[in-house]
>>> print(open('work00.cif').read())   # mmCIF, C-alpha atoms
data_input
#
loop_
_atom_site.label_atom_id
_atom_site.label_comp_id
_atom_site.auth_asym_id
_atom_site.auth_seq_id
_atom_site.Cartn_x
_atom_site.Cartn_y
_atom_site.Cartn_z
CA MET A 1 -104.31 144.50 -5.39
CA THR A 2 -103.22 147.31 -7.65
CA PRO A 3 -100.01 149.02 -6.53
CA ALA A 4 -100.31 152.65 -5.40
CA LYS A 5 -99.12 155.36 -7.74
CA VAL A 6 -95.45 156.24 -7.52
CA LYS A 7 -94.82 159.30 -5.34
CA PRO A 8 -93.31 162.46 -6.87
CA ARG A 9 -89.59 162.34 -7.65
CA ILE A 10 -87.10 163.51 -5.05
CA SER A 11 -83.48 164.49 -5.37
CA PRO A 12 -80.64 162.11 -4.52
CA GLU A 13 -79.58 164.67 -1.89
CA LEU A 14 -82.94 164.35 -0.11
CA LEU A 15 -82.75 160.55 -0.24
CA ASN A 16 -79.22 160.68 1.23
CA GLN A 17 -80.60 162.54 4.27
CA ILE A 18 -82.67 159.50 5.31
CA ASP A 19 -80.65 157.23 7.62
CA ILE A 20 -81.95 153.65 7.39
CA ARG A 21 -80.17 151.09 9.56
CA VAL A 22 -80.43 147.41 10.39
CA GLY A 23 -81.37 146.56 13.96
CA THR A 24 -82.21 143.35 15.78
CA ILE A 25 -85.57 143.32 17.54
CA GLU A 26 -84.68 142.01 20.99
CA SER A 27 -88.13 142.25 22.57
CA VAL A 28 -91.72 143.19 21.81
CA SER A 29 -93.96 144.44 24.59
CA ASP A 30 -97.48 145.75 24.85
CA VAL A 31 -98.17 149.48 25.06
CA SER A 32 -100.99 149.45 27.60
CA ASN A 33 -102.47 152.85 26.63
CA SER A 34 -102.91 151.85 22.98
CA GLU A 35 -105.08 149.47 20.96
CA LYS A 36 -102.58 149.48 18.07
CA LEU A 37 -99.04 150.00 19.37
CA VAL A 38 -96.36 147.64 20.62
CA ALA A 39 -92.90 148.69 21.83
CA LEU A 40 -89.90 147.10 20.15
CA ARG A 41 -86.54 147.13 21.92
CA VAL A 42 -84.04 147.29 19.07
CA ASN A 43 -80.27 146.74 19.14
CA PHE A 44 -78.37 148.96 16.68
CA GLY A 45 -74.93 147.67 17.69
CA ASP A 46 -73.56 150.66 19.55
CA HIS A 47 -76.86 151.51 21.24
CA LYS A 48 -80.44 150.33 21.79
CA ARG A 49 -83.68 152.20 21.18
CA THR A 50 -87.38 151.83 21.82
CA VAL A 51 -89.42 151.89 18.62
CA LEU A 52 -93.21 151.93 18.60
CA ALA A 53 -94.99 150.06 15.82
CA ALA A 54 -98.71 149.79 15.05
CA MET A 55 -98.82 146.02 14.76
CA LYS A 56 -100.95 144.95 17.72
CA ARG A 57 -103.97 144.33 15.46
CA LYS A 58 -101.93 143.29 12.40
CA ARG A 59 -100.29 140.18 13.86
CA ALA A 60 -101.78 137.37 15.90
CA ASN A 61 -98.56 137.25 17.90
CA PRO A 62 -96.40 140.40 17.60
CA ARG A 63 -93.64 138.67 19.62
CA GLU A 64 -92.96 136.38 16.64
CA ILE A 65 -90.56 139.02 15.29
CA GLU A 66 -88.27 138.90 18.34
CA GLY A 67 -84.73 138.04 17.30
CA LYS A 68 -85.27 139.17 13.70
CA GLN A 69 -83.39 141.92 11.95
CA ALA A 70 -85.28 144.70 10.21
CA LEU A 71 -84.75 148.14 8.69
CA PHE A 72 -85.44 151.29 10.72
CA VAL A 73 -85.35 155.02 9.93
CA VAL A 74 -83.15 156.27 12.77
CA ASN A 75 -82.82 160.01 12.14
CA LEU A 76 -86.40 161.11 12.74
CA PRO A 77 -87.10 163.22 15.85
CA PRO A 78 -88.30 161.18 18.84
CA ARG A 79 -92.09 161.08 19.11
CA LYS A 80 -94.24 160.40 22.15
CA MET A 81 -97.25 158.17 21.50
CA ALA A 82 -99.59 156.69 24.11
CA GLY A 83 -97.25 157.96 26.80
CA VAL A 84 -94.17 156.17 25.39
CA MET A 85 -91.30 157.76 23.44
CA SER A 86 -90.49 156.22 20.05
CA GLU A 87 -86.89 156.79 18.95
CA ALA A 88 -87.03 155.54 15.33
CA MET A 89 -89.49 154.19 12.76
CA LEU A 90 -89.83 150.58 11.64
CA PHE A 91 -89.44 150.44 7.86
CA ASP A 92 -92.03 147.81 6.96
CA ILE A 93 -93.72 146.71 3.76
CA GLY A 94 -97.45 146.78 3.08
CA TYR A 95 -98.94 148.89 5.87
CA ALA A 96 -99.57 151.99 3.71
CA ASP A 97 -101.30 149.84 1.08
CA GLY A 98 -103.62 148.00 3.45
CA VAL A 99 -101.65 144.76 3.08
CA THR A 100 -100.75 142.79 6.20
CA PRO A 101 -97.32 144.28 6.96
CA VAL A 102 -94.09 142.32 6.76
CA LEU A 103 -90.64 143.37 7.90
CA ALA A 104 -88.24 144.97 5.46
CA ALA A 105 -85.18 142.91 6.34
CA PRO A 106 -81.74 141.93 5.01
CA GLU A 107 -81.64 138.56 3.24
CA SER A 108 -78.93 137.36 5.62
CA ARG A 109 -77.65 138.58 8.98
CA VAL A 110 -75.48 141.68 8.97
CA PRO A 111 -73.96 143.63 11.86
CA ASN A 112 -76.49 145.75 13.77
CA GLY A 113 -76.25 149.38 12.73
CA THR A 114 -75.37 148.60 9.10
CA ARG A 115 -76.71 151.34 6.83
CA ALA A 116 -79.10 150.72 3.93
CA GLY A 117 -78.69 152.55 0.66
#
>>> encode(input="work00.cif", output="structure tokens")
Amino acid sequence: MTPAKVKPRISPELLNQIDIRVGTIESVSDVSNSEKLVALRVNFGDHKRTVLAAMKRKRANPREIEGKQALFVVNLPPRKMAGVMSEAMLFDIGYADGVTPVLAAPESRVPNGTRAG
């Protein structure tokens, strides 16, 4: 696979506006109105959120990520998909390039809610 071209440059100020946090995926459940989406229940330390992720077809068992920490973009507006509200975005690796996605995750456990960047 050849890596995709690098996107246009952005300012450090724009990058600083993106809030990426570590959360622990407590549960993964099916979104019945969707062929692609699962609902992750994610613990961010001081609160929990539902995050939809298009991994139903990408993993044989989406529940295998329960208990794992991952990175999430937490300051996007909530978005309703397949009748379910998603309150953040999973920050994964590979999906945009057609590679089987993997979690973007800290190398060792850190407190939920820890900021990236």
>>> resolve_selection(input="work00.cif", expression="the PyMOL selection byres ((chain A and resi 3) around 12)", output="MDAnalysis selection string")
chainID A and resid 1:2 4:7 94 96:99
>>> resolve_selection(input="work00.cif", expression="the PyMOL selection byres ((chain A and resi 80) around 12)", output="ChimeraX atom specification")
/A:31,37,39,50-52,77-79,81-88
>>> resolve_selection(input="work00.cif", expression="the PyMOL selection byres ((chain A and resi 63) around 9)", output="list of chain:residue names")
A:Ser27, A:Val28, A:Ser29, A:Arg59, A:Asn61, A:Pro62, A:Glu64, A:Ile65, A:Glu66
>>> closest_residue(input="work00.cif", among="A:Arg21, A:Arg109, A:Lys56, A:His47", to="Leu71 in chain A", atoms="all atoms listed in the file")
A:Arg21
>>> atom_distance(input="work00.cif", atom1="CA of Glu107 in chain A", atom2="CA of Ala70 in chain A")
10.0 Å
>>> residues_around(input="work00.cif", residues="Lys36 in chain A", least_positions_apart="4", cutoff="7 Å", atoms="only C-alpha atoms", output="PyMOL selection string")
chain A and resi 54-57
>>> closest_residue(input="work00.cif", among="A:Tyr95, A:Arg9, A:Asn75, A:Asn112", to="Glu26 in chain A", atoms="only C-alpha atoms")
A:Asn112
>>> residues_around(input="work00.cif", residues="Pro106 in chain A", least_positions_apart="4", cutoff="10 Å", atoms="all atoms listed in the file", output="ChimeraX atom specification")
/A:22,68-71,110,116
>>> closest_residue(input="work00.cif", among="A:Leu103, A:Asp92, A:Thr24, A:Ser108", to="Leu40 in chain A", atoms="all atoms listed in the file")
A:Thr24
>>> atom_distance(input="work00.cif", atom1="CA of Ile18 in chain A", atom2="CA of Phe91 in chain A")
11.6 Å
>>> atom_distance(input="work00.cif", atom1="CA of Ala60 in chain A", atom2="CA of Asp30 in chain A")
13.0 Å
>>> closest_residue(input="work00.cif", among="A:Ile20, A:Ala105, A:Arg41, A:Pro111", to="Ile93 in chain A", atoms="all atoms listed in the file")
A:Ala105
>>> closest_residue(input="work00.cif", among="A:Gly117, A:Gln17, A:Pro8, A:Lys58", to="Glu35 in chain A", atoms="only C-alpha atoms")
A:Lys58
>>> closest_residue(input="work00.cif", among="A:Val102, A:Phe44, A:Val74, A:Asn16", to="Met89 in chain A", atoms="all atoms listed in the file")
A:Val74
